[in-house]
>>> print(open('coords26.tsv').read())   # TSV, C-alpha atoms and all ligand atoms
chain	number	residue	atom	x	y	z
A	1	MET	CA	20.03	1.16	-5.10
A	2	ALA	CA	20.61	1.42	-1.35
A	3	GLU	CA	19.21	-1.46	0.69
A	4	HIS	CA	15.92	-0.39	2.05
A	5	ARG	CA	14.79	-1.71	5.44
A	6	ASN	CA	12.02	-0.80	7.77
A	7	PRO	CA	13.36	-0.89	11.34
A	8	GLY	CA	9.86	-0.82	12.83
A	9	THR	CA	8.72	1.08	15.89
A	10	GLU	CA	7.45	0.31	19.37
A	11	LEU	CA	3.94	-1.13	19.33
A	12	THR	CA	1.82	2.01	18.99
A	13	ALA	CA	-1.83	1.02	19.17
A	14	ASP	CA	-2.95	4.68	18.99
A	15	TRP	CA	-2.24	4.62	15.25
A	16	PHE	CA	-4.90	1.99	14.59
A	17	ALA	CA	-7.05	1.36	17.65
A	18	ASP	CA	-9.89	3.70	16.66
A	19	LEU	CA	-9.79	3.35	12.92
A	20	ARG	CA	-13.08	2.79	11.11
A	21	ILE	CA	-13.41	1.79	7.50
A	22	ASN	CA	-16.29	2.70	5.25
A	23	THR	CA	-16.52	-0.66	3.47
A	24	PRO	CA	-18.99	0.37	0.72
A	25	ALA	CA	-16.77	3.37	-0.12
A	26	VAL	CA	-13.66	1.15	-0.29
A	27	GLU	CA	-15.50	-1.31	-2.52
A	28	ARG	CA	-16.74	1.43	-4.83
A	29	ARG	CA	-13.28	2.90	-5.16
A	30	ALA	CA	-11.70	-0.53	-5.73
A	31	ALA	CA	-14.23	-1.28	-8.49
A	32	THR	CA	-13.04	1.75	-10.46
A	33	LEU	CA	-9.37	0.72	-10.47
A	34	PRO	CA	-9.41	-1.78	-13.35
A	35	VAL	CA	-10.99	0.82	-15.68
A	36	ARG	CA	-9.06	3.93	-14.66
A	37	ARG	CA	-6.82	5.58	-17.17
A	38	SER	CA	-3.81	6.32	-15.02
A	39	ILE	CA	-1.86	3.91	-17.22
A	40	LYS	CA	-2.30	5.07	-20.81
A	41	LYS	CA	-2.94	2.44	-23.47
A	42	GLU	CA	0.22	3.26	-25.44
A	43	PHE	CA	2.36	2.66	-22.35
A	44	GLN	CA	0.70	-0.59	-21.32
A	45	ALA	CA	3.40	-2.84	-22.79
A	46	ALA	CA	6.01	-0.99	-20.72
A	47	TRP	CA	3.84	-1.50	-17.63
A	48	LEU	CA	3.53	-5.20	-18.41
A	49	LEU	CA	7.33	-5.42	-18.50
A	50	LYS	CA	7.43	-3.56	-15.20
A	51	ALA	CA	4.94	-6.07	-13.76
A	52	ILE	CA	7.29	-8.90	-14.75
A	53	SER	CA	10.16	-7.19	-12.93
A	54	CYS	CA	7.96	-7.17	-9.81
A	55	ILE	CA	6.75	-10.80	-9.88
A	56	ASP	CA	7.71	-13.21	-7.12
A	57	LEU	CA	7.59	-16.17	-9.47
A	58	THR	CA	6.20	-18.84	-7.22
A	59	THR	CA	5.87	-22.55	-6.82
A	60	LEU	CA	4.41	-23.72	-3.52
A	61	ALA	CA	2.97	-27.14	-4.25
A	62	GLY	CA	3.19	-30.43	-2.40
A	63	ASP	CA	4.67	-32.07	-5.49
A	64	ASP	CA	7.46	-29.52	-6.06
A	65	THR	CA	10.77	-31.06	-7.12
A	66	GLU	CA	14.22	-29.61	-7.67
A	67	ASP	CA	13.68	-29.99	-11.42
A	68	ARG	CA	10.51	-27.92	-11.30
A	69	VAL	CA	12.28	-25.28	-9.23
A	70	ALA	CA	15.18	-25.22	-11.71
A	71	ARG	CA	12.72	-24.67	-14.59
A	72	LEU	CA	11.03	-21.88	-12.65
A	73	CYS	CA	14.40	-20.26	-12.02
A	74	ALA	CA	15.30	-20.45	-15.72
A	75	LYS	CA	12.06	-18.60	-16.38
A	76	ALA	CA	12.85	-16.03	-13.67
A	77	ARG	CA	16.25	-15.32	-15.28
A	78	GLN	CA	14.75	-14.98	-18.74
A	79	PRO	CA	11.00	-14.40	-18.45
A	80	ILE	CA	10.57	-13.12	-22.03
A	81	ALA	CA	12.23	-14.28	-25.26
A	82	PRO	CA	15.35	-12.12	-25.88
A	83	GLU	CA	14.19	-11.19	-29.42
A	84	MET	CA	10.92	-9.88	-28.01
A	85	LEU	CA	12.78	-7.80	-25.44
A	86	ALA	CA	15.18	-6.53	-28.11
A	87	ALA	CA	12.19	-5.43	-30.20
A	88	MET	CA	11.13	-3.30	-27.25
A	89	GLY	CA	14.62	-1.94	-26.66
A	90	VAL	CA	14.94	-3.63	-23.27
A	91	GLU	CA	17.64	-5.91	-21.94
A	92	GLY	CA	18.37	-7.84	-18.77
A	93	LEU	CA	14.78	-8.22	-17.59
A	94	THR	CA	14.25	-10.72	-14.76
A	95	THR	CA	11.42	-11.34	-12.32
A	96	GLY	CA	11.61	-9.71	-8.89
A	97	ALA	CA	12.38	-13.00	-7.13
A	98	VAL	CA	11.42	-16.65	-7.05
A	99	CYS	CA	9.39	-17.90	-4.11
A	100	VAL	CA	9.63	-21.49	-2.88
A	101	TYR	CA	9.39	-23.72	0.19
A	102	PRO	CA	12.45	-23.82	2.51
A	103	THR	CA	13.67	-27.22	1.32
A	104	MET	CA	13.83	-25.86	-2.25
A	105	VAL	CA	15.92	-22.78	-1.43
A	106	ALA	CA	19.31	-24.41	-2.06
A	107	ALA	CA	18.15	-25.75	-5.46
A	108	ALA	CA	16.82	-22.30	-6.37
A	109	LYS	CA	20.07	-20.61	-5.34
A	110	ARG	CA	22.04	-23.04	-7.50
A	111	ALA	CA	19.78	-22.53	-10.49
A	112	LEU	CA	19.82	-18.74	-10.21
A	113	GLY	CA	23.62	-18.58	-9.91
A	114	ASN	CA	24.93	-15.06	-10.31
A	115	SER	CA	21.79	-13.76	-12.02
A	116	GLY	CA	21.04	-11.43	-9.10
A	117	VAL	CA	17.48	-12.78	-8.80
A	118	PRO	CA	16.73	-13.15	-5.06
A	119	VAL	CA	15.25	-16.28	-3.54
A	120	ALA	CA	12.27	-15.81	-1.26
A	121	SER	CA	11.30	-18.65	1.04
A	122	VAL	CA	8.02	-19.07	2.83
A	123	ALA	CA	8.50	-20.11	6.46
A	124	THR	CA	6.83	-20.22	9.90
A	125	GLY	CA	4.60	-23.18	9.18
A	126	PHE	CA	3.24	-21.82	5.90
A	127	PRO	CA	0.35	-21.60	5.14
A	128	ALA	CA	-1.54	-21.89	8.49
A	129	GLY	CA	1.33	-21.03	10.85
A	130	LEU	CA	-0.07	-23.22	13.59
A	131	MET	CA	3.22	-24.49	14.98
A	132	PRO	CA	5.02	-23.62	18.21
A	133	LEU	CA	6.86	-20.31	17.86
A	134	ASP	CA	10.33	-21.80	18.46
A	135	LEU	CA	9.81	-24.20	15.55
A	136	ARG	CA	8.59	-21.36	13.33
A	137	LEU	CA	11.68	-19.32	14.19
A	138	ALA	CA	13.90	-22.34	13.59
A	139	GLU	CA	12.33	-22.71	10.15
A	140	ILE	CA	13.22	-19.10	9.33
A	141	ARG	CA	16.83	-19.70	10.42
A	142	TYR	CA	16.96	-22.88	8.32
A	143	ALA	CA	15.76	-21.03	5.20
A	144	VAL	CA	18.23	-18.19	5.77
A	145	ASP	CA	21.00	-20.73	6.29
A	146	GLN	CA	20.08	-22.36	2.98
A	147	GLY	CA	20.62	-18.98	1.32
A	148	ALA	CA	17.19	-17.33	1.26
A	149	ASP	CA	17.41	-13.60	0.59
A	150	GLU	CA	13.82	-12.94	1.64
A	151	ILE	CA	11.46	-14.68	4.03
A	152	ASP	CA	7.67	-14.69	3.65
A	153	ILE	CA	6.25	-15.33	7.14
A	154	VAL	CA	2.63	-16.04	8.05
A	155	ILE	CA	0.98	-14.50	11.09
A	156	THR	CA	-1.16	-16.18	13.73
A	157	ARG	CA	-4.64	-15.19	12.57
A	158	ALA	CA	-6.07	-15.85	16.06
A	159	HIS	CA	-4.05	-12.92	17.46
A	160	VAL	CA	-5.88	-10.62	15.05
A	161	LEU	CA	-9.29	-12.21	15.59
A	162	GLN	CA	-8.85	-11.84	19.37
A	163	GLY	CA	-7.42	-8.31	19.11
A	164	ASP	CA	-4.24	-9.40	20.89
A	165	TRP	CA	-1.94	-6.83	19.28
A	166	THR	CA	0.89	-7.37	21.75
A	167	ALA	CA	1.06	-11.09	20.94
A	168	LEU	CA	0.96	-10.31	17.22
A	169	TYR	CA	3.66	-7.63	17.51
A	170	ASP	CA	5.96	-9.81	19.65
A	171	GLU	CA	5.65	-12.76	17.28
A	172	ILE	CA	6.43	-10.71	14.18
A	173	ARG	CA	9.32	-8.92	15.94
A	174	ALA	CA	10.85	-12.27	16.87
A	175	MET	CA	10.47	-13.41	13.26
A	176	ARG	CA	12.12	-10.25	11.98
A	177	GLU	CA	15.07	-10.90	14.29
A	178	ALA	CA	15.35	-14.50	13.11
A	179	CYS	CA	15.49	-13.22	9.50
A	180	GLY	CA	18.74	-11.35	10.19
A	181	ALA	CA	19.86	-9.74	6.95
A	182	ALA	CA	17.12	-11.41	4.92
A	183	LYS	CA	14.22	-9.09	4.17
A	184	MET	CA	10.85	-10.06	5.57
A	185	LYS	CA	7.37	-10.10	4.09
A	186	ALA	CA	4.47	-10.53	6.52
A	187	ILE	CA	1.57	-12.50	5.04
A	188	LEU	CA	-1.63	-11.36	6.75
A	189	ALA	CA	-3.88	-14.03	5.17
A	190	THR	CA	-6.55	-11.36	4.79
A	191	GLY	CA	-9.19	-13.87	3.67
A	192	ASP	CA	-9.13	-15.19	7.28
A	193	LEU	CA	-9.31	-11.83	9.06
A	194	LYS	CA	-13.08	-11.22	8.85
A	195	SER	CA	-13.10	-7.41	8.42
A	196	LEU	CA	-11.27	-4.61	6.64
A	197	GLU	CA	-10.64	-3.02	10.07
A	198	ASN	CA	-8.74	-6.14	11.09
A	199	VAL	CA	-6.78	-6.00	7.83
A	200	ALA	CA	-5.79	-2.39	8.57
A	201	ARG	CA	-4.88	-3.10	12.18
A	202	ALA	CA	-2.83	-6.18	11.30
A	203	SER	CA	-1.06	-4.15	8.59
A	204	HIS	CA	-0.05	-1.51	11.14
A	205	VAL	CA	1.19	-4.05	13.66
A	206	ALA	CA	3.19	-5.91	11.00
A	207	MET	CA	4.86	-2.67	9.92
A	208	GLN	CA	5.53	-1.53	13.48
A	209	ALA	CA	7.18	-4.92	14.10
A	210	GLY	CA	9.60	-4.26	11.22
A	211	SER	CA	8.18	-5.98	8.12
A	212	ASP	CA	9.80	-4.89	4.86
A	213	TRP	CA	6.67	-5.78	2.88
A	214	ILE	CA	3.15	-6.64	3.89
A	215	LYS	CA	1.52	-9.33	1.77
A	216	THR	CA	-2.15	-10.18	1.38
A	217	SER	CA	-2.37	-13.95	1.18
A	218	THR	CA	-0.71	-17.32	0.99
A	219	GLY	CA	-2.66	-18.33	-2.11
A	220	LYS	CA	-4.21	-21.09	0.02
A	221	GLU	CA	-7.02	-19.18	1.78
A	222	GLY	CA	-10.58	-19.38	0.49
A	223	VAL	CA	-10.31	-15.73	-0.61
A	224	ASN	CA	-6.90	-14.42	-1.61
A	225	ALA	CA	-5.79	-11.00	-2.98
A	226	THR	CA	-8.69	-8.63	-3.67
A	227	LEU	CA	-8.60	-4.96	-4.64
A	228	PRO	CA	-10.57	-3.70	-1.58
A	229	VAL	CA	-8.21	-5.46	0.84
A	230	SER	CA	-5.22	-4.20	-1.16
A	231	LEU	CA	-6.56	-0.64	-1.05
A	232	VAL	CA	-6.83	-0.81	2.74
A	233	MET	CA	-3.30	-2.22	3.04
A	234	CYS	CA	-1.85	0.47	0.72
A	235	ARG	CA	-3.51	3.18	2.81
A	236	ALA	CA	-2.02	1.68	5.96
A	237	ILE	CA	1.39	1.75	4.23
A	238	ARG	CA	0.79	5.42	3.36
A	239	ASP	CA	-0.13	6.24	6.97
A	240	TYR	CA	2.91	4.41	8.29
A	241	HIS	CA	5.13	6.35	5.88
A	242	ALA	CA	3.55	9.62	7.03
A	243	GLN	CA	4.19	8.67	10.68
A	244	THR	CA	7.73	7.30	10.34
A	245	GLY	CA	9.19	8.27	6.96
A	246	TYR	CA	9.76	4.55	6.15
A	247	LYS	CA	8.53	3.02	2.93
A	248	VAL	CA	7.10	-0.47	3.39
A	249	GLY	CA	6.47	-2.59	0.32
A	250	PHE	CA	3.23	-4.25	-0.75
A	251	LYS	CA	2.75	-7.76	-2.15
A	252	PRO	CA	-0.64	-8.90	-3.39
A	253	ALA	CA	-0.62	-12.69	-3.84
A	254	GLY	CA	-3.01	-15.46	-4.66
A	255	GLY	CA	-5.22	-15.72	-7.72
A	256	LEU	CA	-3.52	-13.02	-9.84
A	257	LYS	CA	-3.44	-14.58	-13.30
A	258	THR	CA	-4.02	-12.02	-16.04
A	259	SER	CA	-2.34	-8.93	-17.48
A	260	LYS	CA	-5.53	-7.10	-16.55
A	261	ASP	CA	-4.95	-8.06	-12.91
A	262	ALA	CA	-1.33	-6.86	-13.10
A	263	LEU	CA	-2.40	-3.50	-14.55
A	264	ALA	CA	-5.21	-3.03	-12.00
A	265	TRP	CA	-2.84	-3.58	-9.08
A	266	GLN	CA	-0.27	-1.25	-10.62
A	267	VAL	CA	-2.96	1.43	-11.01
A	268	LEU	CA	-3.75	0.94	-7.32
A	269	MET	CA	-0.09	1.43	-6.42
A	270	VAL	CA	0.30	4.51	-8.63
A	271	GLU	CA	-2.85	6.15	-7.30
A	272	GLU	CA	-2.43	5.31	-3.61
A	273	LEU	CA	1.33	5.35	-3.14
A	274	GLY	CA	2.78	6.95	-6.27
A	275	ARG	CA	4.76	5.77	-9.28
A	276	ASP	CA	7.90	5.66	-7.23
A	277	TRP	CA	6.48	2.76	-5.20
A	278	VAL	CA	6.07	0.53	-8.29
A	279	ARG	CA	9.52	-1.01	-8.27
A	280	PRO	CA	10.77	-4.40	-7.16
A	281	ASP	CA	11.99	-3.35	-3.72
A	282	LEU	CA	8.58	-1.89	-2.84
A	283	PHE	CA	6.10	-3.87	-4.93
A	284	ARG	CA	5.89	-7.57	-5.65
A	285	ILE	CA	3.15	-9.63	-7.21
A	286	GLY	CA	3.09	-13.16	-5.79
A	287	ALA	CA	1.94	-15.42	-8.59
A	288	SER	CA	2.40	-18.94	-9.90
A	289	SER	CA	0.51	-18.46	-13.16
A	290	LEU	CA	0.59	-14.82	-14.24
A	291	LEU	CA	3.72	-14.74	-16.35
A	292	GLY	CA	2.17	-16.72	-19.22
A	293	ASP	CA	-0.49	-14.09	-19.88
A	294	LEU	CA	1.96	-11.20	-19.54
A	295	GLU	CA	4.15	-12.91	-22.12
A	296	ARG	CA	1.20	-13.41	-24.43
A	297	GLN	CA	0.12	-9.75	-24.24
A	298	ILE	CA	3.65	-8.48	-24.74
A	299	SER	CA	4.08	-10.77	-27.73
A	300	HIS	CA	0.82	-9.36	-29.12
A	301	TYR	CA	2.15	-5.85	-28.66
A	302	VAL	CA	5.40	-6.68	-30.49
A	303	THR	CA	4.03	-8.84	-33.33
A	304	GLY	CA	0.46	-7.56	-33.64
A	305	ARG	CA	-1.02	-11.02	-33.15
A	306	TYR	CA	-1.45	-13.58	-30.41
A	307	ALA	CA	1.09	-16.40	-30.42
A	308	ALA	CA	-0.20	-19.95	-30.22
A	309	ALA	CA	-0.08	-21.16	-26.63
A	310	HIS	CA	2.49	-23.86	-27.48
A	311	ARG	CA	4.95	-21.18	-28.64
A	312	LEU	CA	5.05	-19.59	-25.19
A	313	THR	CA	6.53	-21.20	-22.14
A	314	MET	CA	3.68	-20.83	-19.73
A	315	ALA	CA	4.77	-20.12	-16.18
A	401	LIG	O1	2.71	-16.20	-2.69
A	401	LIG	C1	2.23	-16.55	-3.74
A	401	LIG	C2	1.01	-17.35	-3.88
A	401	LIG	O2	1.15	-18.58	-3.28
A	401	LIG	C3	0.70	-17.53	-5.32
A	401	LIG	O3	-0.64	-17.87	-5.47
A	401	LIG	P1	-1.19	-18.36	-6.90
A	401	LIG	O4	-0.70	-19.77	-7.04
A	401	LIG	O5	-2.67	-18.25	-6.78
A	401	LIG	O6	-0.61	-17.46	-7.95
>>> encode(input="coords26.tsv", output="structure tokens", more="lines below")
Ligand SMILES: O=C[C@H](O)COP(=O)(O)O
Amino acid sequence: MAEHRNPGTELTADWFADLRINTPAVERRAATLPVRRSIKKEFQAAWLLKAISCIDLTTLAGDDTEDRVARLCAKARQPIAPEMLAAMGVEGLTTGAVCVYPTMVAAAKRALGNSGVPVASVATGFPAGLMPLDLRLAEIRYAVDQGADEIDIVITRAHVLQGDWTALYDEIRAMREACGAAKMKAILATGDLKSLENVARASHVAMQAGSDWIKTSTGKEGVNATLPVSLVMCRAIRDYHAQTGYKVGFKPAGGLKTSKDALAWQVLMVEELGRDWVRPDLFRIGASSLLGDLERQISHYVTGRYAAAHRLTMA
């Protein structure tokens, strides 16, 4: 598949300055997503496998060690027992990427070897981003130098809260340049942005500044990925595509733990952006503890019963 990059545009405030969002309507629509039938029951196991291929399998904890990262990478290379995959006629399934702190990138690269699974590194003073810009850019360059294939940056929430779109655009542009060939995800930390209008505006600015994906959350805010916020971000992605022809990816992250969550977010993608957008270069689910439940549900599909927890390697 050809490498897909969003080059960005000039800052074009006209695309978002006057937007208004009908919050109750967004909430009503979001509430219907988990129960919609766009993914038929008999195809759910296939969609669960697809969800696995889109996971950024994540560890972002203060007590991370190289051993933990190596175990995570083993799981990323082989997320489901081979016999279970064989029973479903599938081979070579991996997660979309692993996601770690910058000092763990080299260990992740070693553990992933030639598996083709990319390493994503958070950077720019994750999770709050409150560091001088030159240090944040240096952190990106460090992670790229260590071998990161993707960089998950955080934005300065104050720029959004103060409506300083130029400052936000310039910061993200500079980050995109520092990423070089590594693809960039812009984490908006939507739980800090106060309104759905701000989420939409920040989404537009992040895309105009050249983000390859926009991502909801760090997993560390008080409120992380929600369906209403995700709906607003997907619609901004749709508008940006209509304006420019470029497809920007979406990454919900933070608090996604169940197969039900994975299906609800895939329904959102299918209904708002189309089936074609539900693939690893355009959709990632950032999660540290979702894989275990996906494995459990897939095992139930294959064997007709739930495996005991100790038989599954919980991610
Ligand atoms: O980017 C990914 C998030 O940090 C994962 O959050 P989580 O630990 O709630 O799954």
>>> axis_aligned_box(input="coords26.tsv", around="region 29-34 of chain A", padding_each_side="8 Å", output="AutoDock Vina command-line options")
--center_x -11.8 --center_y 0.6 --center_z -9.3 --size_x 20.9 --size_y 20.7 --size_z 24.2
>>> residues_around(input="coords26.tsv", residues="Met104 (chain A)", least_positions_apart="6", cutoff="8 Å", atoms="all atoms listed in the file", output="ChimeraX atom specification")
/A:65-66,69
>>> write_last_selection(input="coords26.tsv", atoms="C-alpha atoms", output="PDB file, in the frame of the given file")
ATOM      1  CA  THR A  65      10.770 -31.060  -7.120  1.00  0.00           C
ATOM      2  CA  GLU A  66      14.220 -29.610  -7.670  1.00  0.00           C
ATOM      3  CA  VAL A  69      12.280 -25.280  -9.230  1.00  0.00           C
TER       4      VAL A  69
END
>>> closest_residue(input="coords26.tsv", among="A:Ile21, A:Leu227, A:Met88, A:Leu72", to="Leu112 (chain A)", atoms="only C-alpha atoms")
A:Leu72
>>> residues_near_ligand(input="coords26.tsv", ligand="ligand LIG 401 (chain A)", cutoff="8 Å", atoms="all atoms listed in the file", output="PDB file with C-alpha atoms, keeping the file's coordinate frame")
ATOM      1  CA  ASP A  56       7.710 -13.210  -7.120  1.00  0.00           C
ATOM      2  CA  LEU A  57       7.590 -16.170  -9.470  1.00  0.00           C
ATOM      3  CA  THR A  58       6.200 -18.840  -7.220  1.00  0.00           C
ATOM      4  CA  THR A  59       5.870 -22.550  -6.820  1.00  0.00           C
ATOM      5  CA  LEU A  60       4.410 -23.720  -3.520  1.00  0.00           C
ATOM      6  CA  CYS A  99       9.390 -17.900  -4.110  1.00  0.00           C
ATOM      7  CA  SER A 217      -2.370 -13.950   1.180  1.00  0.00           C
ATOM      8  CA  THR A 218      -0.710 -17.320   0.990  1.00  0.00           C
ATOM      9  CA  GLY A 219      -2.660 -18.330  -2.110  1.00  0.00           C
ATOM     10  CA  LYS A 220      -4.210 -21.090   0.020  1.00  0.00           C
ATOM     11  CA  ASN A 224      -6.900 -14.420  -1.610  1.00  0.00           C
ATOM     12  CA  ALA A 253      -0.620 -12.690  -3.840  1.00  0.00           C
ATOM     13  CA  GLY A 254      -3.010 -15.460  -4.660  1.00  0.00           C
ATOM     14  CA  GLY A 255      -5.220 -15.720  -7.720  1.00  0.00           C
ATOM     15  CA  LEU A 256      -3.520 -13.020  -9.840  1.00  0.00           C
ATOM     16  CA  LYS A 257      -3.440 -14.580 -13.300  1.00  0.00           C
ATOM     17  CA  ILE A 285       3.150  -9.630  -7.210  1.00  0.00           C
ATOM     18  CA  GLY A 286       3.090 -13.160  -5.790  1.00  0.00           C
ATOM     19  CA  ALA A 287       1.940 -15.420  -8.590  1.00  0.00           C
ATOM     20  CA  SER A 288       2.400 -18.940  -9.900  1.00  0.00           C
ATOM     21  CA  SER A 289       0.510 -18.460 -13.160  1.00  0.00           C
ATOM     22  CA  LEU A 290       0.590 -14.820 -14.240  1.00  0.00           C
TER      23      LEU A 290
END
>>> closest_residue(input="coords26.tsv", among="A:Ala200, A:Ile298, A:Met207, A:Leu93", to="Ala186 (chain A)", atoms="all atoms listed in the file")
A:Met207
>>> residues_around(input="coords26.tsv", residues="Ile155 (chain A)", least_positions_apart="4", cutoff="12 Å", atoms="all atoms listed in the file", output="number ranges by chain")
A: 122-131, 133, 136, 159-161, 165, 167-176, 185-190, 192-193, 199, 202-203, 205-206, 209, 211, 214-218
>>> residues_around(input="coords26.tsv", residues="region 74-84 of chain A", least_positions_apart="3", cutoff="7 Å", atoms="all atoms listed in the file", output="short mmCIF file (atom, residue, chain, number, x, y, z; two decimals) with C-alpha atoms, in the coordinates of the input")
data_model
loop_
_atom_site.label_atom_id
_atom_site.label_comp_id
_atom_site.auth_asym_id
_atom_site.auth_seq_id
_atom_site.Cartn_x
_atom_site.Cartn_y
_atom_site.Cartn_z
CA LEU A 57 7.59 -16.17 -9.47
CA ALA A 70 15.18 -25.22 -11.71
CA ARG A 71 12.72 -24.67 -14.59
CA ALA A 87 12.19 -5.43 -30.20
CA MET A 88 11.13 -3.30 -27.25
CA LEU A 93 14.78 -8.22 -17.59
CA THR A 94 14.25 -10.72 -14.76
CA THR A 95 11.42 -11.34 -12.32
CA VAL A 98 11.42 -16.65 -7.05
CA SER A 115 21.79 -13.76 -12.02
CA GLU A 295 4.15 -12.91 -22.12
CA SER A 299 4.08 -10.77 -27.73
CA VAL A 302 5.40 -6.68 -30.49
#
>>> closest_residue(input="coords26.tsv", among="A:Thr32, A:Thr303, A:Met184, A:Glu271", to="Val248 (chain A)", atoms="only C-alpha atoms")
A:Met184
>>> atom_distance(input="coords26.tsv", atom1="CA of Asp67 (chain A)", atom2="CA of Ala106 (chain A)")
12.3 Å
>>> atom_distance(input="coords26.tsv", atom1="CA of Glu221 (chain A)", atom2="CA of Leu291 (chain A)")
21.5 Å
>>> atom_distance(input="coords26.tsv", atom1="CA of Gly8 (chain A)", atom2="CA of Gln208 (chain A)")
4.4 Å
>>> closest_residue(input="coords26.tsv", among="A:Asp152, A:Ile52, A:Pro132, A:Gln266", to="Tyr101 (chain A)", atoms="all atoms listed in the file")
A:Asp152
>>> closest_residue(input="coords26.tsv", among="A:Glu197, A:Asp239, A:Asp63, A:Glu91", to="Leu19 (chain A)", atoms="only C-alpha atoms")
A:Glu197
>>> closest_residue(input="coords26.tsv", among="A:Ala86, A:Cys234, A:Ala45, A:Val144", to="Ala30 (chain A)", atoms="all atoms listed in the file")
A:Cys234
>>> residues_around(input="coords26.tsv", residues="Ala178 (chain A)", least_positions_apart="4", cutoff="7 Å", atoms="all atoms listed in the file", output="PDB file with C-alpha atoms, keeping the file's coordinate frame")
ATOM      1  CA  LEU A 137      11.680 -19.320  14.190  1.00  0.00           C
ATOM      2  CA  ILE A 140      13.220 -19.100   9.330  1.00  0.00           C
ATOM      3  CA  ARG A 141      16.830 -19.700  10.420  1.00  0.00           C
ATOM      4  CA  ALA A 174      10.850 -12.270  16.870  1.00  0.00           C
TER       5      ALA A 174
END
>>> residues_around(input="coords26.tsv", residues="Thr103 (chain A)", least_positions_apart="3", cutoff="9 Å", atoms="only C-alpha atoms", output="PDB file with C-alpha atoms, in the frame of the given file")
ATOM      1  CA  VAL A 100       9.630 -21.490  -2.880  1.00  0.00           C
ATOM      2  CA  ALA A 106      19.310 -24.410  -2.060  1.00  0.00           C
ATOM      3  CA  ALA A 107      18.150 -25.750  -5.460  1.00  0.00           C
ATOM      4  CA  SER A 121      11.300 -18.650   1.040  1.00  0.00           C
ATOM      5  CA  TYR A 142      16.960 -22.880   8.320  1.00  0.00           C
ATOM      6  CA  ALA A 143      15.760 -21.030   5.200  1.00  0.00           C
ATOM      7  CA  GLN A 146      20.080 -22.360   2.980  1.00  0.00           C
TER       8      GLN A 146
END
>>> decode(input="coords26.tsv", residues="region 59-104 of chain A", atoms="C-alpha atoms", output="CSV table (one decimal), in the first residue's frame")
chain,number,residue,atom,x,y,z
A,59,THR,CA,2.3,0.8,27.6
A,60,LEU,CA,2.8,4.2,29.0
A,61,ALA,CA,3.5,3.7,32.7
A,62,GLY,CA,6.1,5.1,35.0
A,63,ASP,CA,7.2,1.6,35.9
A,64,ASP,CA,7.7,0.4,32.3
A,65,THR,CA,10.8,-1.7,31.8
A,66,GLU,CA,12.5,-3.2,28.7
A,67,ASP,CA,11.2,-6.6,29.7
A,68,ARG,CA,7.6,-5.3,29.8
A,69,VAL,CA,8.0,-3.7,26.4
A,70,ALA,CA,9.5,-6.9,25.0
A,71,ARG,CA,6.4,-8.9,26.3
A,72,LEU,CA,4.1,-6.3,24.7
A,73,CYS,CA,6.0,-6.6,21.4
A,74,ALA,CA,5.7,-10.4,21.5
A,75,LYS,CA,1.9,-9.9,21.9
A,76,ALA,CA,1.9,-7.3,19.1
A,77,ARG,CA,3.6,-9.8,16.7
A,78,GLN,CA,1.2,-12.6,17.7
A,79,PRO,CA,-1.9,-11.2,19.3
A,80,ILE,CA,-4.0,-14.3,18.9
A,81,ALA,CA,-3.0,-18.0,19.3
A,82,PRO,CA,-2.1,-19.4,15.8
A,83,GLU,CA,-4.5,-22.3,16.1
A,84,MET,CA,-7.4,-19.9,16.8
A,85,LEU,CA,-6.4,-17.8,13.7
A,86,ALA,CA,-6.1,-21.0,11.6
A,87,ALA,CA,-9.6,-22.0,12.7
A,88,MET,CA,-10.8,-18.7,11.2
A,89,GLY,CA,-8.7,-19.1,8.0
A,90,VAL,CA,-6.5,-16.1,8.9
A,91,GLU,CA,-2.7,-15.8,9.0
A,92,GLY,CA,-0.1,-13.2,9.8
A,93,LEU,CA,-2.3,-11.0,12.0
A,94,THR,CA,-0.4,-8.4,14.1
A,95,THR,CA,-1.5,-5.2,15.9
A,96,GLY,CA,-1.3,-1.9,14.1
A,97,ALA,CA,1.7,-0.7,16.1
A,98,VAL,CA,3.1,-0.7,19.6
A,99,CYS,CA,3.1,2.6,21.5
A,100,VAL,CA,5.7,3.4,24.1
A,101,TYR,CA,7.7,6.3,25.7
A,102,PRO,CA,10.8,7.5,23.8
A,103,THR,CA,13.3,5.7,26.0
A,104,MET,CA,11.6,2.4,25.2
